[in-house]
Amino acid sequence: MPTLNKIRTAFAGGRGCVPTDPRLARLRIAITAFFAMDGFLFAGWVVRIPAIKAQTGADAGALGLALLGVSAGAVAFMMITGRLCRRFGSHAVTTASAAALALSIVLPPLTHSATALGLVLLVFGAAYGSLNVAMNSAAVDLIGALRRPVMPSFHAAFSLGGMLGAGLGALIAGSLSPTVHLLLLAVIGLLVTAVAGRSLRAHPAPVVPERLPVPADGPRTGPAGRGRRLVLVFGLIALCTAYGEGAMADWGALHLSQDLAAGPGPAAAGYAVFALAMTAGRLSGTAVVQRFGPARALIAGGTTATAGMLLGALAPTAWAACLGFAVAGLGLANIFPIAIARAGEAGGPDGVAAASTVGYGGMLLGPPVIGFLAEAYTLPTALTTVALLAALAAGIAYATRRAHHTGRT
């Protein structure tokens with residue numbers, strides 16, 4: 001089989017070949033490490049929010065405004081990072097952004113007011129958004145060289161890192177102060193950055209000659225214009241699934257406890273099974289995309305998520321709702337990774353930046369929209385909008401299925 005792969009590599013346009021270059025294997029390990037570290041650090045910060053809230057003396061409203069700093073900083077730097085990747089390369093920007101994220105995580109526990117917390121979270125959010133664009137851009141370059149749709153595996157590493165960070169935080173939150181805990185995470189993050197960043201610096205990003213660059217200016221027709229339109233399409237698909245992730249994180253447990261009278265254990269299990277199902281789905285995502293192609297994977301994922309969220313929102317019992325959440329997690333798992341990868345193919349680092357910014361907007365939009373609709377109607381009714389947007393993602397993927405031209409390998 002390795003011999004056959006080498007022979008296939010010699011042919012121009014030999015889609016589906018799997019390069020045996022060990023350099024690519026090392027790059028894949030390094031990029032995976034950055035995805036895992038990103039999820040690990042972010043989850044570690046999230047589990048200490050209650051303690052930092054008490055430290056700053058902020059009420060719920062002030063804390064909510066302060067937490068918007070993460071989103072504002074991330075969105076502001078996502079588009080800038082696309083330009084930085086074009087100028088300095090995605091590997092250099094990934095390493096620098098990861099170091100900035102690790103350093104900035106020590107800042108929140110040093111604050112003593114909601115205003116100061118919001119300001120330092122702008123810095124933390126900027127580093128978080130920049131790292132997400134840069135490492136996804138690096139992943140897109142590697143995927144082009146590997147000629148395998150392995151983006152879901154990178155996002156599975158993010159999910160696993162998040163689960164590890166949350167689990168570690170739950171274990172040590174009672175014995176370590178937020179300052180010591182987050183300082184420990186910063187040290188771990190810097191160590192990972194030093195080791196994985198060395199691999200990135202030692203090996204330049206693979207060149208994928210078939211990708212046409214999207215110029216900053218010029219006519220909006222032809223390949224460049226089509227590339228921009230595709231980036232927006234995939235960004236919209238990413239938004240639909242990120243909306244569901246944000247809504248589930250903030251409202252899933254409340255739905256189980258408030259509407260279905262679930263106890264604390266089953267209520268917490270709702271989001272846990274959703275997250276576990278997403279992780280499992282991403283771990284198997286590469287095989288799914290290879291077998292069925294990105295268009296069919298997006299359509300099937302959106303359809304599955306629609307059915308799962310309808311069950312989760314409208315089920316009469318907590319355990320049936322948990323089953324629905326698990327099905328929804330499986331459906332949503334690979335939509336965002338596939339959409340970002342396809343946007344990168346269409347527009348390079350700028351495409352990743354644009355689609356990430358649009359997609360991240362869905363995560364920002366989901367929780368407040370759900371809250372508004374829950375107040376106006378009911379929370380189960382509000383949660384059906386997750387199913388509606390998942391169906392919209394499937395519909396968009398079906399309508400643009402001919403644009404998914406590199407799915408099978």
# chains A, B, ... in the order shown; residues from 1 in each chain; ligands from 1
$ select_by_dssp --residues "stretch 168-355 of chain A" --states "helix (DSSP H, G or I)" --output "compact mmCIF listing (two decimals) with N, CA and C atoms, in the first residue's frame"
# COMPACT_ATOMS: atom_id res chain seq x y z
N LEU A 168 -10.16 18.64 35.35
CA LEU A 168 -9.09 19.03 36.26
C LEU A 168 -9.53 20.20 37.13
N GLY A 169 -10.23 21.15 36.53
CA GLY A 169 -10.71 22.29 37.29
C GLY A 169 -11.67 21.88 38.39
N ALA A 170 -12.55 20.93 38.08
CA ALA A 170 -13.50 20.46 39.09
C ALA A 170 -12.79 19.78 40.25
N LEU A 171 -11.67 19.09 39.96
CA LEU A 171 -10.95 18.36 41.00
C LEU A 171 -10.18 19.29 41.93
N ILE A 172 -9.58 20.36 41.36
CA ILE A 172 -8.68 21.17 42.17
C ILE A 172 -9.28 22.51 42.59
N PRO A 178 -8.15 30.60 42.39
CA PRO A 178 -8.14 30.85 40.95
C PRO A 178 -6.78 31.33 40.44
N THR A 179 -6.09 32.15 41.24
CA THR A 179 -4.78 32.67 40.81
C THR A 179 -3.78 31.54 40.61
N VAL A 180 -3.69 30.65 41.58
CA VAL A 180 -2.73 29.54 41.48
C VAL A 180 -3.15 28.57 40.38
N HIS A 181 -4.44 28.26 40.30
CA HIS A 181 -4.94 27.33 39.29
C HIS A 181 -4.63 27.84 37.89
N LEU A 182 -4.98 29.09 37.61
CA LEU A 182 -4.78 29.61 36.26
C LEU A 182 -3.30 29.86 35.96
N LEU A 183 -2.51 30.12 36.98
CA LEU A 183 -1.06 30.23 36.78
C LEU A 183 -0.49 28.87 36.38
N LEU A 184 -0.99 27.81 37.01
CA LEU A 184 -0.58 26.46 36.64
C LEU A 184 -0.95 26.16 35.19
N LEU A 185 -2.16 26.54 34.79
CA LEU A 185 -2.58 26.33 33.40
C LEU A 185 -1.70 27.13 32.44
N ALA A 186 -1.31 28.33 32.83
CA ALA A 186 -0.45 29.15 31.97
C ALA A 186 0.89 28.46 31.75
N VAL A 187 1.45 27.88 32.81
CA VAL A 187 2.73 27.17 32.68
C VAL A 187 2.58 25.98 31.73
N ILE A 188 1.49 25.22 31.90
CA ILE A 188 1.25 24.08 31.00
C ILE A 188 1.10 24.56 29.56
N GLY A 189 0.34 25.65 29.37
CA GLY A 189 0.15 26.18 28.03
C GLY A 189 1.44 26.64 27.38
N LEU A 190 2.31 27.29 28.15
CA LEU A 190 3.59 27.74 27.61
C LEU A 190 4.50 26.57 27.27
N LEU A 191 4.46 25.51 28.09
CA LEU A 191 5.26 24.33 27.78
C LEU A 191 4.80 23.67 26.48
N VAL A 192 3.48 23.51 26.33
CA VAL A 192 2.95 22.93 25.09
C VAL A 192 3.31 23.81 23.89
N THR A 193 3.19 25.13 24.06
CA THR A 193 3.52 26.05 22.98
C THR A 193 4.99 25.93 22.59
N ALA A 194 5.87 25.81 23.58
CA ALA A 194 7.29 25.71 23.29
C ALA A 194 7.61 24.44 22.51
N VAL A 195 7.02 23.32 22.94
CA VAL A 195 7.33 22.04 22.29
C VAL A 195 6.67 21.95 20.91
N ALA A 196 5.35 22.22 20.86
CA ALA A 196 4.64 22.11 19.58
C ALA A 196 5.06 23.23 18.63
N GLY A 197 5.31 24.42 19.17
CA GLY A 197 5.73 25.53 18.33
C GLY A 197 7.07 25.28 17.67
N ARG A 198 7.94 24.53 18.34
CA ARG A 198 9.24 24.20 17.74
C ARG A 198 9.05 23.39 16.46
N SER A 199 8.09 22.44 16.49
CA SER A 199 7.81 21.66 15.28
C SER A 199 7.26 22.54 14.17
N LEU A 200 6.39 23.48 14.54
CA LEU A 200 5.83 24.37 13.51
C LEU A 200 6.91 25.27 12.91
N ARG A 201 7.79 25.78 13.75
CA ARG A 201 8.84 26.67 13.25
C ARG A 201 9.85 25.90 12.40
N ALA A 202 10.06 24.63 12.73
CA ALA A 202 11.04 23.83 11.99
C ALA A 202 10.54 23.43 10.61
N GLY A 222 -15.81 35.53 -11.35
CA GLY A 222 -14.74 34.59 -11.61
C GLY A 222 -14.39 33.82 -10.35
N PRO A 223 -13.20 33.16 -10.36
CA PRO A 223 -12.83 32.32 -9.23
C PRO A 223 -12.78 33.05 -7.90
N ALA A 224 -12.22 34.29 -7.89
CA ALA A 224 -12.14 35.02 -6.62
C ALA A 224 -13.51 35.33 -6.07
N GLY A 225 -14.42 35.79 -6.96
CA GLY A 225 -15.78 36.10 -6.52
C GLY A 225 -16.50 34.87 -6.01
N ARG A 226 -16.33 33.75 -6.71
CA ARG A 226 -16.94 32.51 -6.25
C ARG A 226 -16.36 32.09 -4.91
N GLY A 227 -15.03 32.31 -4.73
CA GLY A 227 -14.41 31.96 -3.46
C GLY A 227 -15.01 32.75 -2.31
N ARG A 228 -15.24 34.05 -2.53
CA ARG A 228 -15.82 34.87 -1.47
C ARG A 228 -17.23 34.40 -1.13
N ARG A 229 -18.00 34.09 -2.16
CA ARG A 229 -19.37 33.64 -1.90
C ARG A 229 -19.38 32.32 -1.15
N LEU A 230 -18.47 31.41 -1.53
CA LEU A 230 -18.41 30.13 -0.83
C LEU A 230 -18.00 30.31 0.63
N VAL A 231 -17.06 31.22 0.88
CA VAL A 231 -16.64 31.48 2.26
C VAL A 231 -17.84 31.94 3.08
N LEU A 232 -18.66 32.83 2.54
CA LEU A 232 -19.84 33.30 3.26
C LEU A 232 -20.84 32.17 3.48
N VAL A 233 -21.00 31.31 2.47
CA VAL A 233 -21.92 30.18 2.61
C VAL A 233 -21.47 29.26 3.74
N PHE A 234 -20.19 28.92 3.74
CA PHE A 234 -19.69 28.02 4.78
C PHE A 234 -19.68 28.71 6.14
N GLY A 235 -19.48 30.02 6.16
CA GLY A 235 -19.59 30.76 7.42
C GLY A 235 -21.00 30.69 7.97
N LEU A 236 -21.99 30.79 7.09
CA LEU A 236 -23.38 30.70 7.53
C LEU A 236 -23.70 29.31 8.08
N ILE A 237 -23.16 28.27 7.43
CA ILE A 237 -23.35 26.91 7.94
C ILE A 237 -22.71 26.78 9.33
N ALA A 238 -21.52 27.34 9.49
CA ALA A 238 -20.85 27.30 10.79
C ALA A 238 -21.67 28.04 11.84
N LEU A 239 -22.26 29.17 11.47
CA LEU A 239 -23.09 29.94 12.40
C LEU A 239 -24.26 29.10 12.90
N CYS A 240 -24.89 28.36 12.00
CA CYS A 240 -26.05 27.55 12.39
C CYS A 240 -25.69 26.53 13.45
N THR A 241 -24.53 25.90 13.32
CA THR A 241 -24.17 24.88 14.31
C THR A 241 -23.61 25.51 15.58
N ALA A 242 -22.87 26.63 15.47
CA ALA A 242 -22.35 27.29 16.66
C ALA A 242 -23.49 27.84 17.52
N TYR A 243 -24.57 28.27 16.88
CA TYR A 243 -25.76 28.71 17.60
C TYR A 243 -26.25 27.60 18.53
N GLY A 244 -26.28 26.39 18.01
CA GLY A 244 -26.74 25.26 18.81
C GLY A 244 -25.79 24.94 19.95
N GLU A 245 -24.48 25.01 19.70
CA GLU A 245 -23.51 24.72 20.76
C GLU A 245 -23.64 25.73 21.90
N GLY A 246 -23.75 27.02 21.54
CA GLY A 246 -23.90 28.04 22.57
C GLY A 246 -25.19 27.89 23.36
N ALA A 247 -26.27 27.58 22.65
CA ALA A 247 -27.56 27.42 23.32
C ALA A 247 -27.55 26.23 24.27
N MET A 248 -26.96 25.12 23.84
CA MET A 248 -26.92 23.94 24.70
C MET A 248 -26.08 24.18 25.94
N ALA A 249 -24.96 24.87 25.79
CA ALA A 249 -24.07 25.12 26.93
C ALA A 249 -24.78 25.94 28.00
N ASP A 250 -25.60 26.91 27.59
CA ASP A 250 -26.20 27.83 28.55
C ASP A 250 -27.61 27.44 29.00
N TRP A 251 -28.34 26.68 28.17
CA TRP A 251 -29.75 26.47 28.46
C TRP A 251 -30.16 25.00 28.58
N GLY A 252 -29.30 24.07 28.18
CA GLY A 252 -29.68 22.66 28.21
C GLY A 252 -30.02 22.16 29.61
N ALA A 253 -29.12 22.42 30.56
CA ALA A 253 -29.36 21.95 31.93
C ALA A 253 -30.58 22.63 32.55
N LEU A 254 -30.78 23.91 32.26
CA LEU A 254 -31.93 24.62 32.80
C LEU A 254 -33.23 24.04 32.27
N HIS A 255 -33.25 23.65 31.00
CA HIS A 255 -34.45 23.04 30.43
C HIS A 255 -34.79 21.75 31.17
N LEU A 256 -33.78 20.94 31.46
CA LEU A 256 -34.04 19.67 32.14
C LEU A 256 -34.55 19.89 33.57
N SER A 257 -33.96 20.85 34.26
CA SER A 257 -34.36 21.07 35.66
C SER A 257 -35.66 21.85 35.77
N GLN A 258 -35.82 22.87 34.95
CA GLN A 258 -36.98 23.75 35.05
C GLN A 258 -38.23 23.16 34.41
N ASP A 259 -38.08 22.59 33.22
CA ASP A 259 -39.25 22.13 32.47
C ASP A 259 -39.57 20.66 32.69
N PRO A 264 -30.35 17.57 40.12
CA PRO A 264 -29.07 18.13 39.72
C PRO A 264 -28.23 17.19 38.87
N GLY A 265 -28.24 15.90 39.21
CA GLY A 265 -27.46 14.93 38.45
C GLY A 265 -27.92 14.79 37.01
N PRO A 266 -29.20 14.43 36.78
CA PRO A 266 -29.68 14.34 35.40
C PRO A 266 -29.57 15.65 34.63
N ALA A 267 -29.78 16.78 35.31
CA ALA A 267 -29.67 18.07 34.63
C ALA A 267 -28.25 18.29 34.13
N ALA A 268 -27.27 17.98 34.97
CA ALA A 268 -25.88 18.12 34.55
C ALA A 268 -25.52 17.11 33.46
N ALA A 269 -26.17 15.95 33.51
CA ALA A 269 -25.88 14.92 32.51
C ALA A 269 -26.32 15.35 31.12
N GLY A 270 -27.29 16.25 31.03
CA GLY A 270 -27.78 16.68 29.72
C GLY A 270 -26.69 17.26 28.87
N TYR A 271 -25.95 18.24 29.41
CA TYR A 271 -24.87 18.82 28.61
C TYR A 271 -23.70 17.85 28.49
N ALA A 272 -23.49 17.02 29.51
CA ALA A 272 -22.38 16.06 29.46
C ALA A 272 -22.55 15.09 28.30
N VAL A 273 -23.76 14.56 28.12
CA VAL A 273 -23.96 13.61 27.03
C VAL A 273 -23.88 14.32 25.68
N PHE A 274 -24.31 15.57 25.64
CA PHE A 274 -24.19 16.36 24.41
C PHE A 274 -22.71 16.53 24.05
N ALA A 275 -21.88 16.91 25.03
CA ALA A 275 -20.45 17.13 24.78
C ALA A 275 -19.75 15.82 24.42
N LEU A 276 -20.10 14.74 25.12
CA LEU A 276 -19.49 13.45 24.82
C LEU A 276 -19.86 12.98 23.41
N ALA A 277 -21.11 13.19 23.03
CA ALA A 277 -21.54 12.79 21.69
C ALA A 277 -20.82 13.62 20.62
N MET A 278 -20.62 14.91 20.88
CA MET A 278 -19.88 15.73 19.93
C MET A 278 -18.45 15.25 19.79
N THR A 279 -17.82 14.89 20.91
CA THR A 279 -16.45 14.40 20.87
C THR A 279 -16.37 13.09 20.09
N ALA A 280 -17.28 12.17 20.37
CA ALA A 280 -17.30 10.90 19.65
C ALA A 280 -17.53 11.11 18.16
N GLY A 281 -18.44 12.04 17.83
CA GLY A 281 -18.71 12.33 16.43
C GLY A 281 -17.50 12.89 15.72
N ARG A 282 -16.75 13.74 16.42
CA ARG A 282 -15.56 14.33 15.78
C ARG A 282 -14.44 13.31 15.64
N LEU A 283 -14.33 12.40 16.59
CA LEU A 283 -13.31 11.37 16.47
C LEU A 283 -13.55 10.47 15.26
N GLY A 285 -15.20 11.63 12.62
CA GLY A 285 -15.56 12.52 11.51
C GLY A 285 -14.73 12.34 10.26
N THR A 286 -13.43 12.09 10.42
CA THR A 286 -12.59 11.91 9.23
C THR A 286 -13.07 10.73 8.40
N ALA A 287 -13.37 9.61 9.07
CA ALA A 287 -13.85 8.44 8.34
C ALA A 287 -15.18 8.72 7.66
N VAL A 288 -16.05 9.47 8.33
CA VAL A 288 -17.35 9.80 7.75
C VAL A 288 -17.20 10.65 6.49
N VAL A 289 -16.34 11.68 6.57
CA VAL A 289 -16.15 12.55 5.41
C VAL A 289 -15.48 11.80 4.28
N GLN A 290 -14.50 10.94 4.60
CA GLN A 290 -13.87 10.15 3.56
C GLN A 290 -14.86 9.21 2.87
N ARG A 291 -15.76 8.67 3.64
CA ARG A 291 -16.70 7.68 3.09
C ARG A 291 -17.80 8.35 2.28
N PHE A 292 -18.33 9.48 2.77
CA PHE A 292 -19.50 10.07 2.13
C PHE A 292 -19.25 11.42 1.47
N PRO A 294 -17.85 15.70 2.00
CA PRO A 294 -18.27 16.78 2.91
C PRO A 294 -19.72 17.19 2.74
N ALA A 295 -20.23 17.21 1.52
CA ALA A 295 -21.60 17.66 1.32
C ALA A 295 -22.59 16.72 2.00
N ARG A 296 -22.43 15.43 1.77
CA ARG A 296 -23.35 14.47 2.39
C ARG A 296 -23.18 14.46 3.91
N ALA A 297 -21.93 14.64 4.39
CA ALA A 297 -21.72 14.68 5.83
C ALA A 297 -22.42 15.88 6.45
N LEU A 298 -22.38 17.03 5.78
CA LEU A 298 -23.07 18.21 6.29
C LEU A 298 -24.59 18.01 6.28
N ILE A 299 -25.09 17.47 5.19
CA ILE A 299 -26.54 17.26 5.09
C ILE A 299 -27.02 16.27 6.15
N ALA A 300 -26.29 15.16 6.29
CA ALA A 300 -26.67 14.15 7.29
C ALA A 300 -26.54 14.71 8.70
N GLY A 301 -25.47 15.48 8.95
CA GLY A 301 -25.28 16.05 10.27
C GLY A 301 -26.39 17.02 10.63
N GLY A 302 -26.74 17.90 9.70
CA GLY A 302 -27.82 18.85 9.97
C GLY A 302 -29.15 18.17 10.18
N THR A 303 -29.42 17.15 9.39
CA THR A 303 -30.69 16.41 9.53
C THR A 303 -30.75 15.68 10.87
N THR A 304 -29.63 15.03 11.23
CA THR A 304 -29.58 14.32 12.52
C THR A 304 -29.75 15.28 13.69
N ALA A 305 -29.06 16.42 13.62
CA ALA A 305 -29.17 17.41 14.70
C ALA A 305 -30.59 17.95 14.81
N THR A 306 -31.26 18.12 13.68
CA THR A 306 -32.65 18.60 13.70
C THR A 306 -33.54 17.63 14.46
N ALA A 307 -33.43 16.35 14.11
CA ALA A 307 -34.25 15.35 14.79
C ALA A 307 -33.91 15.28 16.28
N GLY A 308 -32.61 15.31 16.60
CA GLY A 308 -32.20 15.21 17.99
C GLY A 308 -32.68 16.38 18.84
N MET A 309 -32.59 17.60 18.29
CA MET A 309 -33.01 18.76 19.08
C MET A 309 -34.52 18.85 19.21
N LEU A 310 -35.25 18.39 18.22
CA LEU A 310 -36.71 18.35 18.37
C LEU A 310 -37.08 17.41 19.51
N LEU A 311 -36.39 16.26 19.58
CA LEU A 311 -36.65 15.33 20.69
C LEU A 311 -36.20 15.95 22.01
N GLY A 312 -35.01 16.57 22.03
CA GLY A 312 -34.50 17.15 23.25
C GLY A 312 -35.37 18.28 23.79
N ALA A 313 -35.93 19.08 22.88
CA ALA A 313 -36.73 20.22 23.31
C ALA A 313 -38.15 19.83 23.70
N LEU A 314 -38.70 18.81 23.03
CA LEU A 314 -40.13 18.52 23.19
C LEU A 314 -40.42 17.22 23.93
N ALA A 318 -37.01 13.70 31.21
CA ALA A 318 -35.62 14.18 31.18
C ALA A 318 -34.71 13.20 30.44
N TRP A 319 -34.92 11.91 30.65
CA TRP A 319 -34.01 10.96 30.00
C TRP A 319 -34.23 10.91 28.50
N ALA A 320 -35.45 11.08 28.05
CA ALA A 320 -35.68 11.16 26.60
C ALA A 320 -35.05 12.42 26.03
N ALA A 321 -35.12 13.52 26.80
CA ALA A 321 -34.48 14.75 26.35
C ALA A 321 -32.97 14.58 26.27
N CYS A 322 -32.38 13.87 27.24
CA CYS A 322 -30.93 13.60 27.20
C CYS A 322 -30.56 12.79 25.97
N LEU A 323 -31.42 11.83 25.62
CA LEU A 323 -31.18 11.06 24.40
C LEU A 323 -31.20 11.98 23.19
N GLY A 324 -32.16 12.90 23.17
CA GLY A 324 -32.21 13.86 22.07
C GLY A 324 -30.97 14.74 22.03
N PHE A 325 -30.47 15.16 23.18
CA PHE A 325 -29.26 15.98 23.22
C PHE A 325 -28.06 15.21 22.67
N ALA A 326 -27.98 13.92 22.99
CA ALA A 326 -26.89 13.10 22.48
C ALA A 326 -26.96 12.99 20.95
N VAL A 327 -28.15 12.75 20.42
CA VAL A 327 -28.32 12.67 18.97
C VAL A 327 -27.96 14.01 18.32
N ALA A 328 -28.38 15.10 18.95
CA ALA A 328 -28.05 16.42 18.43
C ALA A 328 -26.55 16.65 18.43
N GLY A 329 -25.87 16.22 19.50
CA GLY A 329 -24.43 16.36 19.56
C GLY A 329 -23.73 15.61 18.44
N LEU A 330 -24.19 14.39 18.16
CA LEU A 330 -23.61 13.63 17.05
C LEU A 330 -23.82 14.35 15.72
N GLY A 331 -25.01 14.93 15.56
CA GLY A 331 -25.30 15.62 14.31
C GLY A 331 -24.49 16.89 14.13
N LEU A 332 -24.35 17.67 15.20
CA LEU A 332 -23.65 18.94 15.10
C LEU A 332 -22.13 18.78 15.07
N ILE A 335 -20.15 19.57 11.67
CA ILE A 335 -20.58 20.63 10.75
C ILE A 335 -19.61 21.81 10.79
N PHE A 336 -19.27 22.27 11.99
CA PHE A 336 -18.37 23.41 12.10
C PHE A 336 -16.98 23.10 11.53
N PRO A 337 -16.34 21.97 11.89
CA PRO A 337 -15.03 21.67 11.32
C PRO A 337 -15.04 21.58 9.80
N ILE A 338 -16.06 20.92 9.24
CA ILE A 338 -16.11 20.79 7.78
C ILE A 338 -16.29 22.16 7.14
N ALA A 339 -17.17 22.98 7.70
CA ALA A 339 -17.42 24.30 7.13
C ALA A 339 -16.16 25.17 7.15
N ILE A 340 -15.41 25.15 8.26
CA ILE A 340 -14.19 25.95 8.34
C ILE A 340 -13.14 25.43 7.37
N ALA A 341 -13.02 24.11 7.27
CA ALA A 341 -12.06 23.54 6.33
C ALA A 341 -12.39 23.93 4.89
N ARG A 342 -13.66 23.88 4.53
CA ARG A 342 -14.06 24.23 3.16
C ARG A 342 -13.87 25.72 2.90
N ALA A 343 -14.12 26.54 3.91
CA ALA A 343 -13.88 27.98 3.76
C ALA A 343 -12.40 28.25 3.55
N GLY A 344 -11.53 27.50 4.24
CA GLY A 344 -10.11 27.65 4.05
C GLY A 344 -9.67 27.24 2.66
N GLU A 345 -10.27 26.19 2.12
CA GLU A 345 -9.95 25.78 0.76
C GLU A 345 -10.37 26.85 -0.25
N ALA A 346 -11.49 27.50 0.04
CA ALA A 346 -12.00 28.51 -0.90
C ALA A 346 -11.27 29.84 -0.77
N GLY A 347 -10.83 30.21 0.43
CA GLY A 347 -10.28 31.54 0.62
C GLY A 347 -9.00 31.64 1.40
N GLY A 348 -8.33 30.51 1.72
CA GLY A 348 -7.09 30.59 2.47
C GLY A 348 -7.31 31.11 3.88
N PRO A 349 -6.26 31.70 4.49
CA PRO A 349 -6.39 32.21 5.87
C PRO A 349 -7.50 33.25 6.01
N ASP A 350 -7.69 34.10 4.99
CA ASP A 350 -8.77 35.07 5.08
C ASP A 350 -10.12 34.38 5.07
N GLY A 351 -10.22 33.28 4.33
CA GLY A 351 -11.47 32.52 4.32
C GLY A 351 -11.76 31.89 5.67
N VAL A 352 -10.71 31.34 6.30
CA VAL A 352 -10.87 30.79 7.64
C VAL A 352 -11.30 31.88 8.62
N ALA A 353 -10.65 33.06 8.50
CA ALA A 353 -10.97 34.17 9.40
C ALA A 353 -12.42 34.62 9.23
N ALA A 354 -12.85 34.79 7.97
CA ALA A 354 -14.21 35.27 7.73
C ALA A 354 -15.24 34.26 8.19
N ALA A 355 -15.05 32.98 7.85
CA ALA A 355 -16.02 31.96 8.25
C ALA A 355 -16.03 31.78 9.76
$ residues_around --residues "stretch 61-65 of chain A" --least-positions-apart "3" --cutoff "12 Å" --atoms "only C-alpha atoms" --output "mmCIF file with C-alpha atoms, in the first residue's frame"
data_model
loop_
_atom_site.group_PDB
_atom_site.id
_atom_site.type_symbol
_atom_site.label_atom_id
_atom_site.label_comp_id
_atom_site.auth_asym_id
_atom_site.auth_seq_id
_atom_site.Cartn_x
_atom_site.Cartn_y
_atom_site.Cartn_z
ATOM 1 C CA ILE A 49 -15.813 32.070 36.577
ATOM 2 C CA PRO A 50 -17.938 31.657 39.764
ATOM 3 C CA ALA A 51 -14.915 32.216 42.012
ATOM 4 C CA ILE A 52 -13.760 35.233 40.033
ATOM 5 C CA LYS A 53 -17.300 36.631 40.078
ATOM 6 C CA ALA A 54 -17.266 36.470 43.879
ATOM 7 C CA GLN A 55 -13.813 38.033 43.983
ATOM 8 C CA THR A 56 -14.851 41.015 41.850
ATOM 9 C CA GLY A 57 -18.181 41.465 43.663
ATOM 10 C CA ALA A 58 -19.991 41.718 40.321
ATOM 11 C CA LEU A 68 -18.700 39.988 26.558
ATOM 12 C CA GLY A 69 -15.066 41.090 26.548
ATOM 13 C CA VAL A 70 -14.041 37.584 25.502
ATOM 14 C CA SER A 71 -16.399 37.691 22.530
ATOM 15 C CA ALA A 72 -15.552 41.264 21.573
ATOM 16 C CA SER A 113 -13.898 44.890 39.711
ATOM 17 C CA ALA A 114 -16.176 43.998 36.830
ATOM 18 C CA THR A 115 -14.693 46.809 34.722
ATOM 19 C CA ALA A 116 -11.140 45.551 35.164
ATOM 20 C CA LEU A 117 -12.296 42.003 34.462
ATOM 21 C CA GLY A 118 -13.944 43.093 31.208
ATOM 22 C CA LEU A 119 -10.750 44.860 30.092
ATOM 23 C CA LEU A 121 -11.003 39.570 29.046
ATOM 24 C CA LEU A 122 -10.667 41.696 25.904
ATOM 25 C CA PRO A 367 -27.796 32.187 24.307
ATOM 26 C CA PRO A 368 -29.433 35.660 24.264
#
$ residues_around --residues "stretch 32-37 of chain A" --least-positions-apart "6" --cutoff "9 Å" --atoms "only C-alpha atoms" --output "ChimeraX atom specification"
/A:94-95,98,131-132,135-136,139,153-162,165,188-189,192-193,196-197
$ closest_residue --among "A:Gly371, A:Ala390, A:Thr400, A:Ala134" --to "A:Phe88" --atoms "only C-alpha atoms"
A:Ala134
$ atom_distance --atom1 "atom CA of A:Ala76" --atom2 "atom CA of A:Ala397"
27.8 Å
